[in-house]
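K.L.:
upload_9.pdb (PDB, C-alpha atoms and all ligand atoms) pasted underneath:
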```
ATOM      1  CA  MET A 234       7.752 312.523   6.759  1.00  0.00           C
ATOM      2  CA  PRO A 235       6.812 309.789   9.138  1.00  0.00           C
ATOM      3  CA  LEU A 236       7.737 308.803  12.631  1.00  0.00           C
ATOM      4  CA  GLN A 237      10.295 306.040  13.122  1.00  0.00           C
ATOM      5  CA  ILE A 238       9.829 303.927  16.229  1.00  0.00           C
ATOM      6  CA  HIS A 239      12.383 301.859  18.112  1.00  0.00           C
ATOM      7  CA  GLN A 240      10.857 299.455  20.625  1.00  0.00           C
ATOM      8  CA  PHE A 241      12.841 297.568  23.265  1.00  0.00           C
ATOM      9  CA  ALA A 242      12.028 295.276  26.186  1.00  0.00           C
ATOM     10  CA  CYS A 243      13.159 296.230  29.694  1.00  0.00           C
ATOM     11  CA  LEU A 244      12.501 295.478  33.386  1.00  0.00           C
ATOM     12  CA  SER A 245      10.506 292.242  33.736  1.00  0.00           C
ATOM     13  CA  ASP A 246       7.791 292.894  31.138  1.00  0.00           C
ATOM     14  CA  ASN A 247       7.905 296.588  30.123  1.00  0.00           C
ATOM     15  CA  TYR A 248       8.464 298.013  26.680  1.00  0.00           C
ATOM     16  CA  GLY A 249      10.338 301.254  26.108  1.00  0.00           C
ATOM     17  CA  PHE A 250       9.852 303.317  22.957  1.00  0.00           C
ATOM     18  CA  LEU A 251      11.916 305.902  21.120  1.00  0.00           C
ATOM     19  CA  ALA A 252      10.004 307.867  18.474  1.00  0.00           C
ATOM     20  CA  ARG A 253      11.968 309.913  15.934  1.00  0.00           C
ATOM     21  CA  ASP A 254      10.481 312.558  13.666  1.00  0.00           C
ATOM     22  CA  LEU A 255      12.337 311.819  10.426  1.00  0.00           C
ATOM     23  CA  ALA A 256      11.901 315.333   9.014  1.00  0.00           C
ATOM     24  CA  SER A 257      13.754 317.027  11.870  1.00  0.00           C
ATOM     25  CA  GLY A 258      15.610 314.196  13.601  1.00  0.00           C
ATOM     26  CA  GLN A 259      13.909 315.161  16.882  1.00  0.00           C
ATOM     27  CA  THR A 260      13.407 312.198  19.183  1.00  0.00           C
ATOM     28  CA  ALA A 261      11.104 311.459  22.120  1.00  0.00           C
ATOM     29  CA  CYS A 262      11.046 308.572  24.529  1.00  0.00           C
ATOM     30  CA  ILE A 263       7.634 307.502  25.711  1.00  0.00           C
ATOM     31  CA  ASP A 264       7.935 306.768  29.427  1.00  0.00           C
ATOM     32  CA  THR A 265      11.165 305.979  31.231  1.00  0.00           C
ATOM     33  CA  PRO A 266      10.796 302.458  32.650  1.00  0.00           C
ATOM     34  CA  ASP A 267      14.556 301.925  32.986  1.00  0.00           C
ATOM     35  CA  ALA A 268      17.006 304.820  32.499  1.00  0.00           C
ATOM     36  CA  ASP A 269      19.928 302.571  31.568  1.00  0.00           C
ATOM     37  CA  ALA A 270      17.853 300.716  28.969  1.00  0.00           C
ATOM     38  CA  VAL A 271      16.640 304.000  27.435  1.00  0.00           C
ATOM     39  CA  LEU A 272      20.177 305.405  27.321  1.00  0.00           C
ATOM     40  CA  ALA A 273      21.430 302.163  25.755  1.00  0.00           C
ATOM     41  CA  ALA A 274      18.692 302.390  23.108  1.00  0.00           C
ATOM     42  CA  LEU A 275      19.778 305.968  22.325  1.00  0.00           C
ATOM     43  CA  THR A 276      23.365 304.785  21.912  1.00  0.00           C
ATOM     44  CA  ALA A 277      22.282 301.859  19.719  1.00  0.00           C
ATOM     45  CA  THR A 278      20.190 304.070  17.416  1.00  0.00           C
ATOM     46  CA  GLY A 279      22.505 307.079  17.497  1.00  0.00           C
ATOM     47  CA  TRP A 280      19.483 309.309  18.145  1.00  0.00           C
ATOM     48  CA  ALA A 281      19.710 312.371  20.425  1.00  0.00           C
ATOM     49  CA  LEU A 282      16.822 312.749  22.869  1.00  0.00           C
ATOM     50  CA  ASN A 283      14.717 315.928  22.892  1.00  0.00           C
ATOM     51  CA  LEU A 284      11.547 314.992  24.795  1.00  0.00           C
ATOM     52  CA  ILE A 285      10.404 312.613  27.509  1.00  0.00           C
ATOM     53  CA  LEU A 286       6.642 311.987  27.253  1.00  0.00           C
ATOM     54  CA  ASN A 287       5.198 310.388  30.383  1.00  0.00           C
ATOM     55  CA  THR A 288       1.829 308.618  30.352  1.00  0.00           C
ATOM     56  CA  HIS A 289       1.408 308.348  34.143  1.00  0.00           C
ATOM     57  CA  TRP A 290       3.266 308.561  37.440  1.00  0.00           C
ATOM     58  CA  HIS A 291       4.082 304.905  38.154  1.00  0.00           C
ATOM     59  CA  PRO A 292       7.808 304.227  38.703  1.00  0.00           C
ATOM     60  CA  ASP A 293       7.981 301.797  35.751  1.00  0.00           C
ATOM     61  CA  HIS A 294       6.880 304.755  33.548  1.00  0.00           C
ATOM     62  CA  ALA A 295       8.535 307.827  35.070  1.00  0.00           C
ATOM     63  CA  GLY A 296      11.216 306.389  37.351  1.00  0.00           C
ATOM     64  CA  GLY A 297      14.009 306.998  34.835  1.00  0.00           C
ATOM     65  CA  ASN A 298      13.143 310.664  34.201  1.00  0.00           C
ATOM     66  CA  ALA A 299      15.864 312.277  36.367  1.00  0.00           C
ATOM     67  CA  LYS A 300      18.753 310.138  35.154  1.00  0.00           C
ATOM     68  CA  ILE A 301      17.774 310.477  31.482  1.00  0.00           C
ATOM     69  CA  LYS A 302      17.294 314.249  31.774  1.00  0.00           C
ATOM     70  CA  ALA A 303      20.708 314.550  33.460  1.00  0.00           C
ATOM     71  CA  ALA A 304      22.317 312.576  30.625  1.00  0.00           C
ATOM     72  CA  THR A 305      20.488 314.179  27.656  1.00  0.00           C
ATOM     73  CA  GLY A 306      18.947 317.503  28.740  1.00  0.00           C
ATOM     74  CA  ALA A 307      15.573 316.322  27.406  1.00  0.00           C
ATOM     75  CA  THR A 308      12.420 318.286  28.229  1.00  0.00           C
ATOM     76  CA  ILE A 309      10.017 316.300  30.429  1.00  0.00           C
ATOM     77  CA  ILE A 310       6.315 316.472  29.535  1.00  0.00           C
ATOM     78  CA  GLY A 311       3.509 314.655  31.296  1.00  0.00           C
ATOM     79  CA  PRO A 312       0.320 314.849  33.358  1.00  0.00           C
ATOM     80  CA  GLN A 313       0.591 316.667  36.692  1.00  0.00           C
ATOM     81  CA  GLU A 314       0.432 313.415  38.708  1.00  0.00           C
ATOM     82  CA  VAL A 315       3.981 312.595  37.501  1.00  0.00           C
ATOM     83  CA  GLU A 316       5.228 315.330  39.874  1.00  0.00           C
ATOM     84  CA  LYS A 317       4.648 312.810  42.684  1.00  0.00           C
ATOM     85  CA  ILE A 318       7.928 311.223  41.604  1.00  0.00           C
ATOM     86  CA  SER A 319       9.612 313.596  39.099  1.00  0.00           C
ATOM     87  CA  PRO A 320       9.580 317.325  38.269  1.00  0.00           C
ATOM     88  CA  LEU A 321       7.980 318.226  34.914  1.00  0.00           C
ATOM     89  CA  ASP A 322       9.010 320.960  32.479  1.00  0.00           C
ATOM     90  CA  ARG A 323       5.510 321.056  30.992  1.00  0.00           C
ATOM     91  CA  ILE A 324       2.207 319.744  32.349  1.00  0.00           C
ATOM     92  CA  VAL A 325      -0.302 318.462  29.779  1.00  0.00           C
ATOM     93  CA  VAL A 326      -3.980 317.477  29.913  1.00  0.00           C
ATOM     94  CA  GLY A 327      -6.312 315.860  27.400  1.00  0.00           C
ATOM     95  CA  GLY A 328      -6.804 318.103  24.341  1.00  0.00           C
ATOM     96  CA  ASP A 329      -3.275 319.581  24.464  1.00  0.00           C
ATOM     97  CA  ARG A 330      -0.827 319.194  21.579  1.00  0.00           C
ATOM     98  CA  VAL A 331       2.849 318.277  21.756  1.00  0.00           C
ATOM     99  CA  ALA A 332       5.147 318.989  18.803  1.00  0.00           C
ATOM    100  CA  LEU A 333       8.107 316.774  17.941  1.00  0.00           C
ATOM    101  CA  GLY A 334       9.593 318.375  14.827  1.00  0.00           C
ATOM    102  CA  GLU A 335       6.881 318.030  12.157  1.00  0.00           C
ATOM    103  CA  THR A 336       5.026 315.390  14.189  1.00  0.00           C
ATOM    104  CA  GLU A 337       2.130 316.519  16.340  1.00  0.00           C
ATOM    105  CA  PHE A 338       0.853 314.391  19.194  1.00  0.00           C
ATOM    106  CA  ALA A 339      -2.649 314.963  20.508  1.00  0.00           C
ATOM    107  CA  VAL A 340      -2.751 314.358  24.255  1.00  0.00           C
ATOM    108  CA  MET A 341      -5.725 312.129  25.128  1.00  0.00           C
ATOM    109  CA  ASP A 342      -7.210 311.851  28.602  1.00  0.00           C
ATOM    110  CA  THR A 343      -7.126 308.117  29.317  1.00  0.00           C
ATOM    111  CA  GLY A 344      -7.555 308.085  33.099  1.00  0.00           C
ATOM    112  CA  GLY A 345      -8.577 304.997  35.016  1.00  0.00           C
ATOM    113  CA  HIS A 346      -5.414 302.988  35.673  1.00  0.00           C
ATOM    114  CA  THR A 347      -4.276 306.209  37.385  1.00  0.00           C
ATOM    115  CA  LEU A 348      -6.492 309.297  37.607  1.00  0.00           C
ATOM    116  CA  GLY A 349      -4.341 311.492  35.348  1.00  0.00           C
ATOM    117  CA  HIS A 350      -3.133 308.912  32.818  1.00  0.00           C
ATOM    118  CA  VAL A 351      -2.740 310.314  29.275  1.00  0.00           C
ATOM    119  CA  SER A 352      -2.023 308.797  25.846  1.00  0.00           C
ATOM    120  CA  TYR A 353      -0.163 310.394  22.923  1.00  0.00           C
ATOM    121  CA  TYR A 354      -1.744 310.105  19.454  1.00  0.00           C
ATOM    122  CA  SER A 355      -0.291 311.113  16.091  1.00  0.00           C
ATOM    123  CA  ALA A 356      -3.131 311.047  13.559  1.00  0.00           C
ATOM    124  CA  LYS A 357      -0.751 311.548  10.630  1.00  0.00           C
ATOM    125  CA  ASP A 358       1.264 308.475  11.640  1.00  0.00           C
ATOM    126  CA  GLN A 359      -1.779 306.443  12.778  1.00  0.00           C
ATOM    127  CA  THR A 360       0.118 305.766  15.982  1.00  0.00           C
ATOM    128  CA  VAL A 361      -0.895 305.952  19.643  1.00  0.00           C
ATOM    129  CA  PHE A 362       1.136 305.363  22.797  1.00  0.00           C
ATOM    130  CA  VAL A 363      -1.303 304.176  25.444  1.00  0.00           C
ATOM    131  CA  GLY A 364       0.868 303.376  28.498  1.00  0.00           C
ATOM    132  CA  ASP A 365      -1.111 301.105  30.830  1.00  0.00           C
ATOM    133  CA  THR A 366      -4.621 301.927  29.533  1.00  0.00           C
ATOM    134  CA  LEU A 367      -5.162 299.479  26.660  1.00  0.00           C
ATOM    135  CA  PHE A 368      -3.178 296.256  26.310  1.00  0.00           C
ATOM    136  CA  ALA A 369      -3.247 293.595  23.609  1.00  0.00           C
ATOM    137  CA  LEU A 370      -6.364 291.615  24.661  1.00  0.00           C
ATOM    138  CA  GLY A 371      -6.449 293.485  27.971  1.00  0.00           C
ATOM    139  CA  CYS A 372      -6.633 296.789  29.801  1.00  0.00           C
ATOM    140  CA  GLY A 373      -4.905 298.335  32.795  1.00  0.00           C
ATOM    141  CA  ARG A 374      -5.916 297.594  36.358  1.00  0.00           C
ATOM    142  CA  LEU A 375      -8.007 300.254  38.074  1.00  0.00           C
ATOM    143  CA  PHE A 376      -5.578 301.396  40.769  1.00  0.00           C
ATOM    144  CA  GLU A 377      -7.108 304.880  41.092  1.00  0.00           C
ATOM    145  CA  GLY A 378     -10.020 305.421  38.727  1.00  0.00           C
ATOM    146  CA  THR A 379     -13.526 304.004  38.471  1.00  0.00           C
ATOM    147  CA  PRO A 380     -14.791 301.484  35.916  1.00  0.00           C
ATOM    148  CA  ASP A 381     -16.857 304.294  34.325  1.00  0.00           C
ATOM    149  CA  GLN A 382     -13.745 306.456  33.891  1.00  0.00           C
ATOM    150  CA  MET A 383     -11.775 303.578  32.360  1.00  0.00           C
ATOM    151  CA  TRP A 384     -14.651 302.662  30.045  1.00  0.00           C
ATOM    152  CA  SER A 385     -14.763 306.276  28.787  1.00  0.00           C
ATOM    153  CA  SER A 386     -11.011 306.215  28.215  1.00  0.00           C
ATOM    154  CA  LEU A 387     -11.105 302.896  26.364  1.00  0.00           C
ATOM    155  CA  SER A 388     -14.038 304.140  24.280  1.00  0.00           C
ATOM    156  CA  ARG A 389     -12.019 307.192  23.214  1.00  0.00           C
ATOM    157  CA  LEU A 390      -9.221 304.874  22.076  1.00  0.00           C
ATOM    158  CA  ALA A 391     -11.699 302.558  20.329  1.00  0.00           C
ATOM    159  CA  ASP A 392     -12.982 305.587  18.376  1.00  0.00           C
ATOM    160  CA  LEU A 393      -9.584 305.997  16.680  1.00  0.00           C
ATOM    161  CA  PRO A 394      -9.332 304.582  13.130  1.00  0.00           C
ATOM    162  CA  ASP A 395      -9.031 300.768  12.956  1.00  0.00           C
ATOM    163  CA  GLU A 396      -5.587 301.019  11.325  1.00  0.00           C
ATOM    164  CA  THR A 397      -4.138 302.928  14.287  1.00  0.00           C
ATOM    165  CA  VAL A 398      -1.051 301.150  15.641  1.00  0.00           C
ATOM    166  CA  VAL A 399      -1.174 300.823  19.429  1.00  0.00           C
ATOM    167  CA  TYR A 400       1.996 300.788  21.511  1.00  0.00           C
ATOM    168  CA  CYS A 401       1.219 299.307  24.950  1.00  0.00           C
ATOM    169  CA  ALA A 402       3.741 299.507  27.772  1.00  0.00           C
ATOM    170  CA  HIS A 403       3.757 295.845  28.858  1.00  0.00           C
ATOM    171  CA  GLU A 404       3.980 292.341  27.397  1.00  0.00           C
ATOM    172  CA  TYR A 405       0.930 290.921  29.176  1.00  0.00           C
ATOM    173  CA  THR A 406      -0.685 289.417  26.095  1.00  0.00           C
ATOM    174  CA  ALA A 407      -0.444 285.672  26.816  1.00  0.00           C
ATOM    175  CA  SER A 408      -2.031 285.957  30.256  1.00  0.00           C
ATOM    176  CA  ASN A 409      -4.615 288.382  28.845  1.00  0.00           C
ATOM    177  CA  ALA A 410      -5.403 285.796  26.164  1.00  0.00           C
ATOM    178  CA  ARG A 411      -6.031 283.084  28.784  1.00  0.00           C
ATOM    179  CA  PHE A 412      -8.563 285.336  30.517  1.00  0.00           C
ATOM    180  CA  ALA A 413     -10.162 286.383  27.208  1.00  0.00           C
ATOM    181  CA  LEU A 414     -10.665 282.722  26.243  1.00  0.00           C
ATOM    182  CA  SER A 415     -12.474 282.158  29.564  1.00  0.00           C
ATOM    183  CA  VAL A 416     -15.179 284.722  28.721  1.00  0.00           C
ATOM    184  CA  ASP A 417     -15.378 284.624  24.915  1.00  0.00           C
ATOM    185  CA  ASP A 418     -15.681 281.574  22.643  1.00  0.00           C
ATOM    186  CA  SER A 419     -15.446 283.465  19.329  1.00  0.00           C
ATOM    187  CA  PRO A 420     -13.357 281.687  16.657  1.00  0.00           C
ATOM    188  CA  GLU A 421     -11.556 284.948  15.856  1.00  0.00           C
ATOM    189  CA  LEU A 422     -10.300 285.201  19.447  1.00  0.00           C
ATOM    190  CA  ALA A 423      -9.277 281.521  19.465  1.00  0.00           C
ATOM    191  CA  ARG A 424      -7.225 282.024  16.287  1.00  0.00           C
ATOM    192  CA  ARG A 425      -5.568 285.126  17.694  1.00  0.00           C
ATOM    193  CA  ALA A 426      -4.799 283.412  21.012  1.00  0.00           C
ATOM    194  CA  ASP A 427      -3.116 280.505  19.187  1.00  0.00           C
ATOM    195  CA  ALA A 428      -0.959 282.951  17.239  1.00  0.00           C
ATOM    196  CA  ILE A 429      -0.058 284.793  20.463  1.00  0.00           C
ATOM    197  CA  PHE A 430       0.965 281.632  22.341  1.00  0.00           C
ATOM    198  CA  ALA A 431       3.091 280.583  19.368  1.00  0.00           C
ATOM    199  CA  ALA A 432       4.740 284.020  19.113  1.00  0.00           C
ATOM    200  CA  ARG A 433       5.544 284.062  22.828  1.00  0.00           C
ATOM    201  CA  ALA A 434       6.971 280.525  22.608  1.00  0.00           C
ATOM    202  CA  ARG A 435       9.333 281.899  19.944  1.00  0.00           C
ATOM    203  CA  GLY A 436      10.215 284.822  22.234  1.00  0.00           C
ATOM    204  CA  GLU A 437       8.550 287.383  19.948  1.00  0.00           C
ATOM    205  CA  ALA A 438       6.839 290.594  21.084  1.00  0.00           C
ATOM    206  CA  THR A 439       3.066 290.840  20.614  1.00  0.00           C
ATOM    207  CA  VAL A 440       3.177 294.643  20.871  1.00  0.00           C
ATOM    208  CA  PRO A 441       2.303 296.786  18.948  1.00  0.00           C
ATOM    209  CA  THR A 442      -1.286 295.878  18.203  1.00  0.00           C
ATOM    210  CA  GLN A 443      -3.999 297.708  16.221  1.00  0.00           C
ATOM    211  CA  ILE A 444      -7.298 299.323  17.210  1.00  0.00           C
ATOM    212  CA  GLY A 445      -9.361 297.259  14.737  1.00  0.00           C
ATOM    213  CA  LEU A 446      -7.897 293.974  15.992  1.00  0.00           C
ATOM    214  CA  GLU A 447      -8.544 294.958  19.613  1.00  0.00           C
ATOM    215  CA  LYS A 448     -12.133 296.004  18.828  1.00  0.00           C
ATOM    216  CA  ALA A 449     -12.706 292.568  17.290  1.00  0.00           C
ATOM    217  CA  THR A 450     -11.103 290.409  19.996  1.00  0.00           C
ATOM    218  CA  ASN A 451     -10.298 292.325  23.220  1.00  0.00           C
ATOM    219  CA  PRO A 452     -13.009 291.453  25.800  1.00  0.00           C
ATOM    220  CA  PHE A 453     -12.652 294.861  27.476  1.00  0.00           C
ATOM    221  CA  LEU A 454     -13.737 296.561  24.227  1.00  0.00           C
ATOM    222  CA  ARG A 455     -16.606 294.077  23.686  1.00  0.00           C
ATOM    223  CA  PRO A 456     -18.944 294.373  26.691  1.00  0.00           C
ATOM    224  CA  ARG A 457     -21.995 294.463  24.386  1.00  0.00           C
ATOM    225  CA  ALA A 458     -21.037 291.099  22.848  1.00  0.00           C
ATOM    226  CA  LEU A 459     -20.160 289.507  26.192  1.00  0.00           C
ATOM    227  CA  ALA A 460     -23.085 290.732  28.311  1.00  0.00           C
ATOM    228  CA  GLY A 461     -24.913 287.398  27.932  1.00  0.00           C
ATOM    229  CA  THR A 462     -21.883 285.274  28.902  1.00  0.00           C
ATOM    230  CA  MET A 463     -21.355 287.500  31.942  1.00  0.00           C
ATOM    231  CA  GLY A 464     -24.998 286.989  32.988  1.00  0.00           C
ATOM    232  CA  LEU A 465     -25.679 290.693  32.423  1.00  0.00           C
ATOM    233  CA  SER A 466     -27.910 290.774  29.332  1.00  0.00           C
ATOM    234  CA  GLY A 467     -29.487 294.178  28.821  1.00  0.00           C
ATOM    235  CA  GLN A 468     -27.102 295.899  31.258  1.00  0.00           C
ATOM    236  CA  SER A 469     -25.075 298.984  30.299  1.00  0.00           C
ATOM    237  CA  ASP A 470     -21.615 298.717  28.710  1.00  0.00           C
ATOM    238  CA  GLU A 471     -20.156 300.284  31.879  1.00  0.00           C
ATOM    239  CA  THR A 472     -21.732 297.589  34.057  1.00  0.00           C
ATOM    240  CA  VAL A 473     -20.510 294.729  31.888  1.00  0.00           C
ATOM    241  CA  PHE A 474     -17.057 296.318  31.601  1.00  0.00           C
ATOM    242  CA  ALA A 475     -16.860 296.621  35.404  1.00  0.00           C
ATOM    243  CA  ALA A 476     -17.778 292.937  35.772  1.00  0.00           C
ATOM    244  CA  LEU A 477     -15.145 291.911  33.207  1.00  0.00           C
ATOM    245  CA  ARG A 478     -12.462 293.974  34.963  1.00  0.00           C
ATOM    246  CA  ALA A 479     -13.385 292.490  38.350  1.00  0.00           C
ATOM    247  CA  ALA A 480     -13.355 288.962  36.894  1.00  0.00           C
ATOM    248  CA  LYS A 481      -9.882 289.555  35.433  1.00  0.00           C
ATOM    249  CA  ASP A 482      -8.608 290.842  38.797  1.00  0.00           C
ATOM    250  CA  GLY A 483      -9.599 287.526  40.382  1.00  0.00           C
ATOM    251  CA  PHE A 484      -8.607 285.315  37.439  1.00  0.00           C
ATOM    252  CA  LYS A 485      -5.990 282.619  37.954  1.00  0.00           C
ATOM    253  CA  ALA A 486      -4.809 281.146  34.673  1.00  0.00           C
TER     254      ALA A 486
HETATM  255 ZN    ZN A 501       1.129 301.658  35.584  1.00  0.00          ZN
HETATM  256 FE    FE A 502       3.226 299.866  34.008  1.00  0.00          FE
END
```
Do you think you could lay out the structure here as structure tokens?
P.N.:
Amino acid sequence: MPLQIHQFACLSDNYGFLARDLASGQTACIDTPDADAVLAALTATGWALNLILNTHWHPDHAGGNAKIKAATGATIIGPQEVEKISPLDRIVVGGDRVALGETEFAVMDTGGHTLGHVSYYSAKDQTVFVGDTLFALGCGRLFEGTPDQMWSSLSRLADLPDETVVYCAHEYTASNARFALSVDDSPELARRADAIFAARARGEATVPTQIGLEKATNPFLRPRALAGTMGLSGQSDETVFAALRAAKDGFKA
């Protein structure tokens, strides 16, 4: 039986996620941006929390751990770096597996935004929770890792099947689209950007996205196609990716 996902907005631009294994009724929350918002989502759904799965140590991802554990008794699982702000019951690294009832998440090393950042992938459900690594039309800032590390992480995500549904932790899509349009004149991107601006004007979420759509239109997954525009023809994907990331850091829409 599949995974049921409840997505909710919280803080200024975060998304929180509850994921429920329908076979067993076991429920996980992916990151804890806002304890009160997560607890309210549990009340609204009537689901009882079993696991907290952290992607990385930033307070808008692990800051609610203590309050949610106190309220629910959930087991906290995450990469070791989370211990900077919250104790963990189990430390995971890329290649580990986490069971939620009949659902199995593969832990993927997706470092770069932070050094120990991980993502949680259920192949059976074609679902991946990517925290602040991959965004709709964007990618996370490199606070701790190198461009090479982030490019490896994004490449691992891009290798997942095109149909994989991608749950990103922030609604950054409209500003990502403005940057993407500044480096890529493909008609497919222009069409997607129009749809995004219209959705945001209606107050709709643009998350989740899908791997295939990101591979076709996200500039950070298309360094080969954008090397010429960036004045870096013939350079490596890592080099072009690094230039794109640096350009985005300095971009004012
Ligand atoms: Zn972060
Ligand atoms: Fe974040």
K.L.:
List as a PDB file with C-alpha atoms, keeping the file's coordinate frame the protein and nucleic acid residues lying within 7 Å of ligand FE 502 (chain A), with all atoms listed in the file counted.
P.N.:
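Resulting contents of pocket02.pdb:
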```
ATOM      1  CA  ASN A 247       7.905 296.588  30.123  1.00  0.00           C
ATOM      2  CA  HIS A 291       4.082 304.905  38.154  1.00  0.00           C
ATOM      3  CA  ASP A 293       7.981 301.797  35.751  1.00  0.00           C
ATOM      4  CA  HIS A 294       6.880 304.755  33.548  1.00  0.00           C
ATOM      5  CA  GLY A 364       0.868 303.376  28.498  1.00  0.00           C
ATOM      6  CA  ASP A 365      -1.111 301.105  30.830  1.00  0.00           C
ATOM      7  CA  ALA A 402       3.741 299.507  27.772  1.00  0.00           C
ATOM      8  CA  HIS A 403       3.757 295.845  28.858  1.00  0.00           C
TER       9      HIS A 403
END
```
K.L.:
Ranking A:Gln240, A:Ser408, A:Asn287, A:Ser257 by minimum distance to ligand ZN 501 (chain A) and counting all atoms listed in the file, which one comes first?
P.N.:
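Checking each candidate against ligand ZN 501 (chain A), we get A:Asn287 as the closest.
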K.L.:
Give as an MDAnalysis selection string the residues that the PyMOL selection byres (((not hetatm)) within 12 of (chain A and resi 501)) matches when applied to the coordinates above.
P.N.:
chainID A and resid 246:247 264:266 287:296 315 344:351 363:368 372:377 401:403
K.L.:
Using only C-alpha atoms, please write the residues we just selected to a file, as an mmCIF file, keeping the file's coordinate frame.
P.N.:
```cif
data_model
loop_
_atom_site.group_PDB
_atom_site.id
_atom_site.type_symbol
_atom_site.label_atom_id
_atom_site.label_comp_id
_atom_site.auth_asym_id
_atom_site.auth_seq_id
_atom_site.Cartn_x
_atom_site.Cartn_y
_atom_site.Cartn_z
ATOM 1 C CA ASP A 246 7.791 292.894 31.138
ATOM 2 C CA ASN A 247 7.905 296.588 30.123
ATOM 3 C CA ASP A 264 7.935 306.768 29.427
ATOM 4 C CA THR A 265 11.165 305.979 31.231
ATOM 5 C CA PRO A 266 10.796 302.458 32.650
ATOM 6 C CA ASN A 287 5.198 310.388 30.383
ATOM 7 C CA THR A 288 1.829 308.618 30.352
ATOM 8 C CA HIS A 289 1.408 308.348 34.143
ATOM 9 C CA TRP A 290 3.266 308.561 37.440
ATOM 10 C CA HIS A 291 4.082 304.905 38.154
ATOM 11 C CA PRO A 292 7.808 304.227 38.703
ATOM 12 C CA ASP A 293 7.981 301.797 35.751
ATOM 13 C CA HIS A 294 6.880 304.755 33.548
ATOM 14 C CA ALA A 295 8.535 307.827 35.070
ATOM 15 C CA GLY A 296 11.216 306.389 37.351
ATOM 16 C CA VAL A 315 3.981 312.595 37.501
ATOM 17 C CA GLY A 344 -7.555 308.085 33.099
ATOM 18 C CA GLY A 345 -8.577 304.997 35.016
ATOM 19 C CA HIS A 346 -5.414 302.988 35.673
ATOM 20 C CA THR A 347 -4.276 306.209 37.385
ATOM 21 C CA LEU A 348 -6.492 309.297 37.607
ATOM 22 C CA GLY A 349 -4.341 311.492 35.348
ATOM 23 C CA HIS A 350 -3.133 308.912 32.818
ATOM 24 C CA VAL A 351 -2.740 310.314 29.275
ATOM 25 C CA VAL A 363 -1.303 304.176 25.444
ATOM 26 C CA GLY A 364 0.868 303.376 28.498
ATOM 27 C CA ASP A 365 -1.111 301.105 30.830
ATOM 28 C CA THR A 366 -4.621 301.927 29.533
ATOM 29 C CA LEU A 367 -5.162 299.479 26.660
ATOM 30 C CA PHE A 368 -3.178 296.256 26.310
ATOM 31 C CA CYS A 372 -6.633 296.789 29.801
ATOM 32 C CA GLY A 373 -4.905 298.335 32.795
ATOM 33 C CA ARG A 374 -5.916 297.594 36.358
ATOM 34 C CA LEU A 375 -8.007 300.254 38.074
ATOM 35 C CA PHE A 376 -5.578 301.396 40.769
ATOM 36 C CA GLU A 377 -7.108 304.880 41.092
ATOM 37 C CA CYS A 401 1.219 299.307 24.950
ATOM 38 C CA ALA A 402 3.741 299.507 27.772
ATOM 39 C CA HIS A 403 3.757 295.845 28.858
#
```
K.L.:
Could you state which residues are captured by the PyMOL selection byres (((chain A and resi 270-279) around 12) and not hetatm) in this file, as a PyMOL selection string?
P.N.:
chain A and resi 237-244+247-253+258-269+280-283+285+294-298+300-305+307
K.L.:
Which protein, DNA or RNA residues are at most 9 Å from (-4.6, 292.9, 28.2) in the file's coordinates when you count only C-alpha atoms, listed as a ChimeraX atom specification?
P.N.:
/A:367-373,403-410,412-413,451-453
K.L.:
Which residues come within 6 Å of range 379-389 of chain A, counting only C-alpha atoms, excluding same-chain residues fewer than 2 positions away, as an mmCIF file with C-alpha atoms, in the frame of the given file?
P.N.:
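Heads up, here's the output in around.cif:
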```
data_model
loop_
_atom_site.group_PDB
_atom_site.id
_atom_site.type_symbol
_atom_site.label_atom_id
_atom_site.label_comp_id
_atom_site.auth_asym_id
_atom_site.auth_seq_id
_atom_site.Cartn_x
_atom_site.Cartn_y
_atom_site.Cartn_z
ATOM 1 C CA THR A 343 -7.126 308.117 29.317
ATOM 2 C CA GLY A 345 -8.577 304.997 35.016
ATOM 3 C CA ALA A 391 -11.699 302.558 20.329
ATOM 4 C CA ASP A 392 -12.982 305.587 18.376
ATOM 5 C CA GLU A 471 -20.156 300.284 31.879
ATOM 6 C CA ALA A 475 -16.860 296.621 35.404
#
```
K.L.:
Determine the residue membership of the PyMOL selection byres (((chain A and resi 460) around 12) and not hetatm) for the file above and supply it as a CSV table (one decimal) with C-alpha atoms, in the coordinates of the input.
P.N.:
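File produced: result-v5.csv:
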```csv
chain,number,residue,atom,x,y,z
A,416,VAL,CA,-15.2,284.7,28.7
A,417,ASP,CA,-15.4,284.6,24.9
A,452,PRO,CA,-13.0,291.5,25.8
A,453,PHE,CA,-12.7,294.9,27.5
A,454,LEU,CA,-13.7,296.6,24.2
A,455,ARG,CA,-16.6,294.1,23.7
A,456,PRO,CA,-18.9,294.4,26.7
A,457,ARG,CA,-22.0,294.5,24.4
A,458,ALA,CA,-21.0,291.1,22.8
A,459,LEU,CA,-20.2,289.5,26.2
A,461,GLY,CA,-24.9,287.4,27.9
A,462,THR,CA,-21.9,285.3,28.9
A,463,MET,CA,-21.4,287.5,31.9
A,464,GLY,CA,-25.0,287.0,33.0
A,465,LEU,CA,-25.7,290.7,32.4
A,466,SER,CA,-27.9,290.8,29.3
A,467,GLY,CA,-29.5,294.2,28.8
A,468,GLN,CA,-27.1,295.9,31.3
A,469,SER,CA,-25.1,299.0,30.3
A,470,ASP,CA,-21.6,298.7,28.7
A,471,GLU,CA,-20.2,300.3,31.9
A,472,THR,CA,-21.7,297.6,34.1
A,473,VAL,CA,-20.5,294.7,31.9
A,474,PHE,CA,-17.1,296.3,31.6
A,475,ALA,CA,-16.9,296.6,35.4
A,476,ALA,CA,-17.8,292.9,35.8
A,477,LEU,CA,-15.1,291.9,33.2
```
K.L.:
Box for range 415-427 of chain A - axis-aligned, 3 Å on each of the six sides, all listed atoms - centre and size in Å to one decimal, as lines of an AutoDock Vina configuration file.
P.N.:
```
center_x = -9.4
center_y = 282.9
center_z = 22.7
size_x = 18.6
size_y = 10.7
size_z = 19.7
```
